[in-house]
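Text of final-v9.cif, listed as mmCIF, C-alpha atoms and all ligand atoms:
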data_start
loop_
_atom_site.group_PDB
_atom_site.id
_atom_site.type_symbol
_atom_site.label_atom_id
_atom_site.label_comp_id
_atom_site.auth_asym_id
_atom_site.auth_seq_id
_atom_site.Cartn_x
_atom_site.Cartn_y
_atom_site.Cartn_z
ATOM 1 C CA MET I 20 23.981 -5.600 -19.301
ATOM 2 C CA ARG I 21 25.388 -3.106 -16.791
ATOM 3 C CA LEU I 22 23.431 -1.329 -14.082
ATOM 4 C CA ILE I 23 24.813 2.141 -13.367
ATOM 5 C CA GLN I 24 23.822 4.578 -10.612
ATOM 6 C CA GLY I 25 26.268 7.440 -11.115
ATOM 7 C CA ALA I 26 25.670 10.108 -13.792
ATOM 8 C CA GLU I 27 29.356 10.596 -14.619
ATOM 9 C CA GLU I 28 29.941 6.848 -14.892
ATOM 10 C CA MET I 29 26.886 6.522 -17.148
ATOM 11 C CA ARG I 30 28.122 9.319 -19.427
ATOM 12 C CA GLY I 31 31.543 7.669 -19.726
ATOM 13 C CA LEU I 32 30.088 4.258 -20.531
ATOM 14 C CA CYS I 33 27.662 5.728 -23.090
ATOM 15 C CA ARG I 34 30.496 7.608 -24.835
ATOM 16 C CA ALA I 35 32.597 4.428 -24.915
ATOM 17 C CA ALA I 36 29.650 2.387 -26.263
ATOM 18 C CA LYS I 37 29.066 4.962 -29.006
ATOM 19 C CA ALA I 38 32.744 5.026 -29.960
ATOM 20 C CA ARG I 39 32.715 1.230 -30.139
ATOM 21 C CA SER I 40 29.354 0.504 -31.740
ATOM 22 C CA GLY I 41 28.050 3.632 -33.481
ATOM 23 C CA ARG I 42 24.478 4.805 -32.997
ATOM 24 C CA LEU I 43 23.221 4.923 -29.396
ATOM 25 C CA GLY I 44 19.474 4.529 -28.838
ATOM 26 C CA PHE I 45 17.959 5.579 -25.496
ATOM 27 C CA VAL I 46 14.700 4.565 -23.778
ATOM 28 C CA PRO I 47 13.852 6.611 -20.657
ATOM 29 C CA THR I 48 11.337 4.997 -18.265
ATOM 30 C CA MET I 49 10.111 5.117 -14.682
ATOM 31 C CA GLY I 50 10.344 1.318 -14.440
ATOM 32 C CA ALA I 51 7.596 -1.163 -13.486
ATOM 33 C CA LEU I 52 8.114 -2.334 -17.042
ATOM 34 C CA HIS I 53 5.385 -3.721 -19.277
ATOM 35 C CA ALA I 54 5.052 -4.604 -22.954
ATOM 36 C CA GLY I 55 4.664 -0.902 -23.862
ATOM 37 C CA HIS I 56 8.143 -0.120 -22.533
ATOM 38 C CA LEU I 57 9.564 -3.212 -24.205
ATOM 39 C CA SER I 58 8.118 -2.138 -27.571
ATOM 40 C CA LEU I 59 10.275 1.003 -27.263
ATOM 41 C CA VAL I 60 13.343 -1.140 -26.564
ATOM 42 C CA ARG I 61 12.621 -3.261 -29.643
ATOM 43 C CA ALA I 62 12.294 -0.144 -31.790
ATOM 44 C CA ALA I 63 15.566 1.116 -30.304
ATOM 45 C CA ARG I 64 17.282 -2.190 -31.071
ATOM 46 C CA ALA I 65 16.050 -2.048 -34.662
ATOM 47 C CA GLN I 66 17.209 1.546 -35.211
ATOM 48 C CA SER I 67 20.470 1.752 -33.274
ATOM 49 C CA SER I 68 23.578 -0.325 -32.700
ATOM 50 C CA VAL I 69 23.595 -0.104 -28.896
ATOM 51 C CA VAL I 70 20.706 0.568 -26.495
ATOM 52 C CA ALA I 71 20.725 2.377 -23.148
ATOM 53 C CA ALA I 72 17.671 2.706 -20.896
ATOM 54 C CA SER I 73 16.923 4.506 -17.664
ATOM 55 C CA ILE I 74 14.744 3.645 -14.705
ATOM 56 C CA PHE I 75 14.049 6.691 -12.581
ATOM 57 C CA VAL I 76 10.878 7.594 -10.711
ATOM 58 C CA ASN I 77 11.345 11.326 -11.092
ATOM 59 C CA PRO I 78 10.194 13.167 -7.948
ATOM 60 C CA ALA I 79 10.112 16.489 -9.836
ATOM 61 C CA GLN I 80 7.143 15.404 -11.962
ATOM 62 C CA PHE I 81 4.895 14.332 -9.066
ATOM 63 C CA GLY I 82 2.691 16.787 -7.185
ATOM 64 C CA PRO I 83 2.695 16.776 -3.359
ATOM 65 C CA ARG I 84 -0.525 14.740 -3.191
ATOM 66 C CA GLU I 85 0.354 12.361 -6.027
ATOM 67 C CA ASP I 86 1.612 8.775 -6.023
ATOM 68 C CA TYR I 87 5.423 9.283 -5.887
ATOM 69 C CA SER I 88 5.946 7.170 -2.769
ATOM 70 C CA ARG I 89 3.654 4.324 -3.825
ATOM 71 C CA TYR I 90 4.662 4.262 -7.517
ATOM 72 C CA PRO I 91 5.615 0.596 -8.273
ATOM 73 C CA ARG I 92 9.366 -0.089 -8.104
ATOM 74 C CA ASN I 93 10.763 -3.474 -9.285
ATOM 75 C CA LEU I 94 14.407 -2.770 -10.139
ATOM 76 C CA GLU I 95 15.482 -6.406 -10.161
ATOM 77 C CA SER I 96 12.777 -7.748 -12.467
ATOM 78 C CA ASP I 97 13.007 -4.610 -14.658
ATOM 79 C CA CYS I 98 16.733 -5.241 -15.154
ATOM 80 C CA ALA I 99 16.034 -8.862 -16.087
ATOM 81 C CA LEU I 100 13.493 -7.703 -18.688
ATOM 82 C CA PHE I 101 15.880 -5.128 -20.127
ATOM 83 C CA GLU I 102 18.707 -7.661 -20.229
ATOM 84 C CA ASN I 103 16.458 -10.123 -22.020
ATOM 85 C CA GLU I 104 15.653 -7.473 -24.667
ATOM 86 C CA GLY I 105 19.319 -6.717 -25.296
ATOM 87 C CA VAL I 106 19.680 -3.401 -23.425
ATOM 88 C CA GLU I 107 23.387 -2.855 -22.768
ATOM 89 C CA LEU I 108 23.370 -0.005 -20.227
ATOM 90 C CA VAL I 109 20.696 0.635 -17.582
ATOM 91 C CA PHE I 110 20.916 3.917 -15.675
ATOM 92 C CA ALA I 111 19.002 3.778 -12.375
ATOM 93 C CA PRO I 112 20.144 6.698 -10.213
ATOM 94 C CA GLU I 113 18.963 7.578 -6.712
ATOM 95 C CA ALA I 114 16.947 10.813 -6.512
ATOM 96 C CA GLY I 115 19.921 12.529 -4.803
ATOM 97 C CA GLU I 116 22.155 11.772 -7.805
ATOM 98 C CA MET I 117 19.768 13.625 -10.116
ATOM 99 C CA TYR I 118 18.722 16.505 -7.840
ATOM 100 C CA ARG I 119 21.124 18.127 -5.366
ATOM 101 C CA GLU I 120 19.497 19.759 -2.360
ATOM 102 C CA ASP I 121 20.278 23.178 -3.826
ATOM 103 C CA SER I 122 19.235 22.344 -7.423
ATOM 104 C CA ALA I 123 17.945 25.617 -8.854
ATOM 105 C CA SER I 124 17.729 25.061 -12.629
ATOM 106 C CA TRP I 125 14.620 23.872 -14.427
ATOM 107 C CA VAL I 126 13.468 23.447 -18.007
ATOM 108 C CA LEU I 127 10.053 24.936 -18.722
ATOM 109 C CA VAL I 128 8.436 24.537 -22.127
ATOM 110 C CA GLU I 129 6.078 27.493 -21.792
ATOM 111 C CA GLY I 130 2.449 27.251 -22.870
ATOM 112 C CA LEU I 131 2.483 23.541 -23.743
ATOM 113 C CA SER I 132 3.257 22.676 -20.124
ATOM 114 C CA GLU I 133 -0.047 24.174 -18.951
ATOM 115 C CA ARG I 134 -2.202 22.181 -21.385
ATOM 116 C CA LEU I 135 -3.897 18.751 -21.027
ATOM 117 C CA CYS I 136 -2.402 17.029 -17.926
ATOM 118 C CA GLY I 137 -0.469 20.225 -17.162
ATOM 119 C CA ARG I 138 -3.724 21.925 -16.132
ATOM 120 C CA THR I 139 -4.589 19.444 -13.387
ATOM 121 C CA ARG I 140 -0.965 18.555 -12.579
ATOM 122 C CA PRO I 141 0.781 21.927 -12.129
ATOM 123 C CA GLY I 142 4.570 21.574 -12.380
ATOM 124 C CA HIS I 143 4.314 18.074 -13.880
ATOM 125 C CA PHE I 144 5.699 18.928 -17.314
ATOM 126 C CA ARG I 145 8.408 21.178 -15.862
ATOM 127 C CA GLY I 146 9.578 18.072 -14.001
ATOM 128 C CA VAL I 147 9.327 15.949 -17.155
ATOM 129 C CA ALA I 148 11.225 18.417 -19.376
ATOM 130 C CA THR I 149 13.916 18.894 -16.720
ATOM 131 C CA VAL I 150 14.567 15.192 -16.173
ATOM 132 C CA VAL I 151 14.519 14.405 -19.898
ATOM 133 C CA ALA I 152 17.027 17.231 -20.558
ATOM 134 C CA LYS I 153 19.261 15.920 -17.758
ATOM 135 C CA LEU I 154 19.041 12.339 -19.062
ATOM 136 C CA PHE I 155 19.867 13.535 -22.598
ATOM 137 C CA HIS I 156 22.974 15.321 -21.234
ATOM 138 C CA ILE I 157 24.058 12.219 -19.321
ATOM 139 C CA VAL I 158 23.386 9.604 -22.025
ATOM 140 C CA GLU I 159 24.035 11.805 -25.100
ATOM 141 C CA PRO I 160 21.957 9.485 -27.324
ATOM 142 C CA ASP I 161 21.684 9.710 -31.095
ATOM 143 C CA ILE I 162 18.007 8.673 -30.951
ATOM 144 C CA ALA I 163 15.560 8.654 -28.040
ATOM 145 C CA PHE I 164 12.357 6.588 -28.021
ATOM 146 C CA PHE I 165 9.046 7.707 -26.485
ATOM 147 C CA GLY I 166 5.529 6.263 -26.448
ATOM 148 C CA GLN I 167 2.539 7.931 -28.131
ATOM 149 C CA LYS I 168 0.678 6.973 -24.921
ATOM 150 C CA ASP I 169 2.070 10.183 -23.358
ATOM 151 C CA ALA I 170 1.180 12.453 -26.285
ATOM 152 C CA ALA I 171 1.660 15.747 -24.410
ATOM 153 C CA GLN I 172 5.060 14.561 -23.199
ATOM 154 C CA VAL I 173 5.990 13.856 -26.834
ATOM 155 C CA ALA I 174 4.962 17.390 -27.899
ATOM 156 C CA ILE I 175 6.895 18.945 -25.008
ATOM 157 C CA VAL I 176 10.056 16.881 -25.528
ATOM 158 C CA ARG I 177 10.025 17.574 -29.275
ATOM 159 C CA ARG I 178 9.659 21.304 -28.660
ATOM 160 C CA MET I 179 12.422 21.293 -26.042
ATOM 161 C CA VAL I 180 14.792 19.401 -28.386
ATOM 162 C CA ARG I 181 14.107 21.937 -31.136
ATOM 163 C CA ASP I 182 14.260 25.055 -28.945
ATOM 164 C CA LEU I 183 17.391 24.040 -27.012
ATOM 165 C CA ASN I 184 19.284 22.505 -29.978
ATOM 166 C CA PHE I 185 19.681 19.002 -28.601
ATOM 167 C CA ALA I 186 21.575 16.957 -31.209
ATOM 168 C CA LEU I 187 19.350 13.896 -31.323
ATOM 169 C CA ALA I 188 16.332 12.447 -33.093
ATOM 170 C CA ILE I 189 13.056 11.594 -31.339
ATOM 171 C CA VAL I 190 11.171 8.463 -32.390
ATOM 172 C CA VAL I 191 7.579 7.962 -31.233
ATOM 173 C CA CYS I 192 6.168 4.413 -30.934
ATOM 174 C CA PRO I 193 2.489 3.367 -31.056
ATOM 175 C CA ILE I 194 0.414 2.677 -27.933
ATOM 176 C CA VAL I 195 0.468 -0.972 -26.797
ATOM 177 C CA ARG I 196 -2.943 -2.071 -25.463
ATOM 178 C CA GLU I 197 -4.579 -4.919 -23.569
ATOM 179 C CA PRO I 198 -6.978 -7.071 -25.646
ATOM 180 C CA ASP I 199 -9.930 -4.979 -24.356
ATOM 181 C CA GLY I 200 -8.280 -1.756 -25.497
ATOM 182 C CA LEU I 201 -6.910 -0.481 -22.167
ATOM 183 C CA ALA I 202 -3.550 1.193 -22.809
ATOM 184 C CA LEU I 203 -0.769 -0.545 -20.864
ATOM 185 C CA SER I 204 0.434 1.574 -17.959
ATOM 186 C CA SER I 205 2.447 0.931 -14.817
ATOM 187 C CA ARG I 206 -0.495 2.516 -12.960
ATOM 188 C CA ASN I 207 -2.910 -0.219 -14.168
ATOM 189 C CA ALA I 208 -1.457 -2.270 -11.284
ATOM 190 C CA TYR I 209 -3.340 0.034 -8.862
ATOM 191 C CA LEU I 210 -6.744 -0.961 -10.277
ATOM 192 C CA GLY I 211 -8.999 -3.268 -8.278
ATOM 193 C CA PRO I 212 -10.997 -5.898 -10.264
ATOM 194 C CA GLU I 213 -14.074 -3.668 -10.701
ATOM 195 C CA GLU I 214 -11.971 -0.659 -11.574
ATOM 196 C CA ARG I 215 -10.070 -2.734 -14.126
ATOM 197 C CA TYR I 216 -13.405 -3.738 -15.640
ATOM 198 C CA SER I 217 -14.423 -0.060 -16.026
ATOM 199 C CA ALA I 218 -11.037 1.178 -17.251
ATOM 200 C CA PRO I 219 -11.488 0.446 -21.011
ATOM 201 C CA VAL I 220 -14.137 3.212 -21.106
ATOM 202 C CA LEU I 221 -11.316 5.628 -22.010
ATOM 203 C CA PHE I 222 -10.513 3.574 -25.111
ATOM 204 C CA ARG I 223 -14.213 3.061 -25.920
ATOM 205 C CA SER I 224 -14.808 6.815 -25.873
ATOM 206 C CA LEU I 225 -11.897 7.310 -28.283
ATOM 207 C CA GLU I 226 -13.186 4.523 -30.522
ATOM 208 C CA ARG I 227 -16.530 6.286 -30.671
ATOM 209 C CA VAL I 228 -14.793 9.487 -31.729
ATOM 210 C CA ARG I 229 -12.914 7.591 -34.429
ATOM 211 C CA ARG I 230 -16.122 6.020 -35.775
ATOM 212 C CA LEU I 231 -17.861 9.404 -35.985
ATOM 213 C CA PHE I 232 -14.767 10.941 -37.575
ATOM 214 C CA ASP I 233 -14.617 8.115 -40.138
ATOM 215 C CA GLY I 234 -18.304 8.839 -40.871
ATOM 216 C CA GLY I 235 -17.402 12.439 -41.713
ATOM 217 C CA GLU I 236 -17.917 14.352 -38.437
ATOM 218 C CA ARG I 237 -15.297 17.138 -38.153
ATOM 219 C CA ASN I 238 -16.801 19.315 -35.409
ATOM 220 C CA SER I 239 -14.838 18.820 -32.188
ATOM 221 C CA SER I 240 -17.742 19.746 -29.856
ATOM 222 C CA GLU I 241 -19.889 17.037 -31.473
ATOM 223 C CA LEU I 242 -17.093 14.474 -31.185
ATOM 224 C CA ILE I 243 -16.457 15.378 -27.541
ATOM 225 C CA ARG I 244 -20.187 15.284 -26.687
ATOM 226 C CA ALA I 245 -20.492 11.747 -28.094
ATOM 227 C CA ALA I 246 -17.326 10.578 -26.341
ATOM 228 C CA ARG I 247 -18.572 11.929 -22.997
ATOM 229 C CA GLU I 248 -21.736 9.811 -23.362
ATOM 230 C CA GLU I 249 -19.620 6.673 -23.004
ATOM 231 C CA PHE I 250 -18.662 7.821 -19.501
ATOM 232 C CA LEU I 251 -22.324 8.001 -18.391
ATOM 233 C CA ALA I 252 -22.355 4.185 -18.301
ATOM 234 C CA GLU I 253 -19.358 4.181 -15.919
ATOM 235 C CA PRO I 254 -20.238 6.409 -12.936
ATOM 236 C CA ALA I 255 -17.167 5.201 -11.020
ATOM 237 C CA VAL I 256 -14.945 6.813 -13.659
ATOM 238 C CA ARG I 257 -14.520 10.589 -13.301
ATOM 239 C CA LEU I 258 -13.537 12.353 -16.496
ATOM 240 C CA ASP I 259 -10.706 14.855 -16.052
ATOM 241 C CA TYR I 260 -10.532 16.104 -19.645
ATOM 242 C CA LEU I 261 -11.414 15.000 -23.152
ATOM 243 C CA GLU I 262 -10.056 17.375 -25.772
ATOM 244 C CA VAL I 263 -9.343 17.679 -29.469
ATOM 245 C CA VAL I 264 -6.034 19.542 -29.869
ATOM 246 C CA ASP I 265 -3.228 20.240 -32.302
ATOM 247 C CA PRO I 266 -0.633 17.498 -31.618
ATOM 248 C CA ASP I 267 2.306 19.961 -31.708
ATOM 249 C CA SER I 268 0.952 23.031 -29.884
ATOM 250 C CA LEU I 269 -1.665 21.168 -27.786
ATOM 251 C CA GLU I 270 -4.042 24.092 -28.533
ATOM 252 C CA PRO I 271 -7.735 23.150 -28.850
ATOM 253 C CA GLU I 272 -8.949 22.560 -32.419
ATOM 254 C CA PRO I 273 -12.658 23.442 -32.890
ATOM 255 C CA GLU I 274 -12.761 21.756 -36.336
ATOM 256 C CA ILE I 275 -10.561 18.906 -37.558
ATOM 257 C CA ARG I 276 -8.996 20.122 -40.786
ATOM 258 C CA LYS I 277 -5.535 18.631 -40.285
ATOM 259 C CA LYS I 278 -3.962 16.003 -38.033
ATOM 260 C CA ALA I 279 -5.549 16.201 -34.571
ATOM 261 C CA LEU I 280 -4.922 14.589 -31.202
ATOM 262 C CA VAL I 281 -7.912 13.408 -29.178
ATOM 263 C CA ALA I 282 -6.679 13.081 -25.599
ATOM 264 C CA VAL I 283 -8.533 11.833 -22.538
ATOM 265 C CA ALA I 284 -7.699 11.599 -18.826
ATOM 266 C CA ALA I 285 -9.921 10.125 -16.115
ATOM 267 C CA ARG I 286 -9.787 8.966 -12.515
ATOM 268 C CA ILE I 287 -10.947 5.576 -11.309
ATOM 269 C CA GLY I 288 -10.797 5.571 -7.526
ATOM 270 C CA SER I 289 -7.391 7.060 -6.779
ATOM 271 C CA THR I 290 -5.867 5.973 -10.114
ATOM 272 C CA ARG I 291 -5.469 8.483 -12.923
ATOM 273 C CA LEU I 292 -5.344 7.056 -16.449
ATOM 274 C CA ILE I 293 -4.708 8.692 -19.816
ATOM 275 C CA ASP I 294 -5.185 7.640 -23.434
ATOM 276 C CA ASN I 295 -5.343 9.217 -26.882
ATOM 277 C CA ILE I 296 -5.761 8.702 -30.617
ATOM 278 C CA LEU I 297 -4.529 10.656 -33.622
ATOM 279 C CA LEU I 298 -7.001 11.536 -36.379
ATOM 280 C CA GLU I 299 -5.989 12.555 -39.875
ATOM 281 C CA PRO I 300 -8.497 13.865 -42.430
HETATM 282 P P1 LIG V 401 6.827 5.665 -18.051
HETATM 283 O O1 LIG V 401 7.648 4.586 -17.428
HETATM 284 O O2 LIG V 401 5.364 5.555 -17.773
HETATM 285 O O3 LIG V 401 7.403 7.044 -17.813
HETATM 286 O O4 LIG V 401 6.944 5.435 -19.614
HETATM 287 C C1 LIG V 401 8.196 5.364 -20.257
HETATM 288 C C2 LIG V 401 7.982 5.420 -21.757
HETATM 289 O O5 LIG V 401 7.159 4.311 -22.154
HETATM 290 C C3 LIG V 401 7.256 6.693 -22.195
HETATM 291 O O6 LIG V 401 7.833 7.170 -23.403
HETATM 292 C C4 LIG V 401 5.851 6.212 -22.398
HETATM 293 O O7 LIG V 401 5.113 6.978 -23.328
HETATM 294 C C5 LIG V 401 6.081 4.800 -22.919
HETATM 295 N N1 LIG V 401 4.869 3.990 -22.708
HETATM 296 C C6 LIG V 401 4.174 3.842 -21.550
HETATM 297 N N2 LIG V 401 3.080 3.066 -21.752
HETATM 298 C C7 LIG V 401 3.078 2.738 -23.066
HETATM 299 C C8 LIG V 401 2.214 1.971 -23.897
HETATM 300 N N3 LIG V 401 1.109 1.399 -23.423
HETATM 301 N N4 LIG V 401 2.526 1.828 -25.199
HETATM 302 C C9 LIG V 401 3.645 2.436 -25.703
HETATM 303 N N5 LIG V 401 4.503 3.175 -24.981
HETATM 304 C C10 LIG V 401 4.233 3.327 -23.683
#
Would you mind writing the file out in structure tokens?
Ligand code: AMP
Amino acid sequence: MRLIQGAEEMRGLCRAAKARSGRLGFVPTMGALHAGHLSLVRAARAQSSVVAASIFVNPAQFGPREDYSRYPRNLESDCALFENEGVELVFAPEAGEMYREDSASWVLVEGLSERLCGRTRPGHFRGVATVVAKLFHIVEPDIAFFGQKDAAQVAIVRRMVRDLNFALAIVVCPIVREPDGLALSSRNAYLGPEERYSAPVLFRSLERVRRLFDGGERNSSELIRAAREEFLAEPAVRLDYLEVVDPDSLEPEPEIRKKALVAVAARIGSTRLIDNILLEP
């Protein structure tokens, strides 16, 4: 495994790896790796001949009052985990390598970027789309792997790849969860013991939606009302949004007639968590 900090060096090594081995799979991350990230690496290993990953806490996707400076950073142990999973190239640039002081170009996926987390985190998805586009230009992968955990990110990256003619395939991997249903997240490390105990309420609310849906309920307001009830038992958890939307456009769906995304975001203390499920009639 090689750890690379320079964008030009990374591009050269990726091109050489592709010429040598064939299909290059790419797993972008912000580090603080957990089993969710590693599931993407395993999928990449299975579907490509050489795997590159990135570790970059992207300042452009954090708001001024968000957790950029305290976001967990464990480069050494992350590299050991990647090495263990057979990642060949790890790109971990400094912020200054990715953004020059006079950087003036951004990628904005209009409309989608203002929905779900984009409403409470203005500029977040502009930062995500920009860094993903930059990483795609540096790594030039044949396939890139993303987690369903960040469902809005998936919709935005897919749309960007289509609209801007990126020559790569996107593969989306299922959400990896703790035994009590909590979706794995690097931010779970922020949770105190009581907060950790309350955190599975996001998953429980989604499970309730799924049960009602399986019983035939198709009205989104009814599903959302029932899901919100779960939060009444957890006053320390503040719901940010709980919505039923089209998974591609992220537009609200009043009735579920085709595949729908049920997405939830909530705050526990100063930690913001997200989760989602897909429903298909
Ligand atoms: P992050 O480091 O949080 O930016 O995540 C990097 C990638 O890992 C993204 O594509 C995430 O969607 C994915 N990911 C994060 N948590 C999970 C999880 N619990 N299960 C599956 N994929 C995940």
*Surrounding residues as a PyMOL selection string, ligand LIG 401 (chain V), max 8 Å, all atoms listed in the file*: chain I and resi 46-56+58-59+74+76+164-170+172-173+191-196+202-205
*Of the candidates I:Glu226, I:Glu241, I:Asp199, I:Asp259, which shows the shortest atom-to-atom distance to Ile296 (chain I), using all atoms listed in the file?*
I:Glu226
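Atom to atom, CA of Leu231 (chain I) and CA of Ala246 (chain I) stand 9.7 Å apart.
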_Result set of the PyMOL selection byres (((chain I and resi 283) around 12) and not hetatm) on the coordinates above, as number ranges by chain_ = I: 135-136, 168-171, 202, 219-226, 228, 243, 246-247, 250, 257-264, 280-282, 284-286, 291-297
*Result set, the PyMOL selection byres (((chain I and resi 157-159) around 10) and not hetatm) on current file, as a PyMOL selection string*: chain I and resi 25-34+37+43-45+71-73+108+110+151-156+160-163+185-187
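Counting only C-alpha atoms and comparing I:Asn77, I:Glu116, I:Arg227, I:Phe101, the residue that lies closest to Ala245 (chain I) is I:Arg227.
Considering the residues I:Val70, I:Glu272, I:Pro254, I:Phe75 and counting only C-alpha atoms, Gly115 (chain I) has its shortest atom-to-atom contact with I:Phe75.
CA of Thr290 (chain I) sits 19.1 Å away from CA of Asn93 (chain I).
Among I:Gln80, I:Asn184, I:Asn103, I:Ser239, the residue with the shortest atom-to-atom distance to Phe144 (chain I), counting all atoms listed in the file, is I:Gln80.
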*Take CA of Phe232 (chain I) and CA of Ile189 (chain I) and report the distance between them in Å, one decimal.*
28.5 Å
Fewer than 2 positions away in the same chain doesn't count, so skip those; otherwise give me all residues within 12 Å of Asp182 (chain I), counting only C-alpha atoms, as a CSV table (one decimal) with C-alpha atoms, keeping the file's coordinate frame.
chain,number,residue,atom,x,y,z
I,126,VAL,CA,13.5,23.4,-18.0
I,127,LEU,CA,10.1,24.9,-18.7
I,128,VAL,CA,8.4,24.5,-22.1
I,129,GLU,CA,6.1,27.5,-21.8
I,152,ALA,CA,17.0,17.2,-20.6
I,175,ILE,CA,6.9,18.9,-25.0
I,176,VAL,CA,10.1,16.9,-25.5
I,177,ARG,CA,10.0,17.6,-29.3
I,178,ARG,CA,9.7,21.3,-28.7
I,179,MET,CA,12.4,21.3,-26.0
I,180,VAL,CA,14.8,19.4,-28.4
I,184,ASN,CA,19.3,22.5,-30.0
I,185,PHE,CA,19.7,19.0,-28.6
I,186,ALA,CA,21.6,17.0,-31.2
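For the residues I:Ala38, I:Leu269, I:Pro83, I:Pro300, ranking by smallest atom-to-atom distance to Arg138 (chain I) using only C-alpha atoms places I:Leu269 first.
Of the listed residues I:Arg61, I:Ala99, I:Ala252, I:Tyr209, the one whose atoms come nearest to Asp86 (chain I) is I:Tyr209, with distances taken using only C-alpha atoms.
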Set up a box along x, y and z of the file covering all listed atoms of region 168-178 of chain I, add 4 Å on every one of the six sides, and write the centre and edge lengths in Å to one decimal, as AutoDock Vina command-line options.
--center_x 5.4 --center_y 14.1 --center_z -26.2 --size_x 17.4 --size_y 22.3 --size_z 14.1
*Taking (21.0, 2.1, -9.5) in the file's coordinates as the center, which residues reach within 8 Å of it, counting all atoms listed in the file, put as a PyMOL selection string?*
chain I and resi 22-25+110-113
With C-alpha atoms retained, write the just-selected residues as an mmCIF file, in the frame of the given file.
data_model
loop_
_atom_site.group_PDB
_atom_site.id
_atom_site.type_symbol
_atom_site.label_atom_id
_atom_site.label_comp_id
_atom_site.auth_asym_id
_atom_site.auth_seq_id
_atom_site.Cartn_x
_atom_site.Cartn_y
_atom_site.Cartn_z
ATOM 1 C CA LEU I 22 23.431 -1.329 -14.082
ATOM 2 C CA ILE I 23 24.813 2.141 -13.367
ATOM 3 C CA GLN I 24 23.822 4.578 -10.612
ATOM 4 C CA GLY I 25 26.268 7.440 -11.115
ATOM 5 C CA PHE I 110 20.916 3.917 -15.675
ATOM 6 C CA ALA I 111 19.002 3.778 -12.375
ATOM 7 C CA PRO I 112 20.144 6.698 -10.213
ATOM 8 C CA GLU I 113 18.963 7.578 -6.712
#
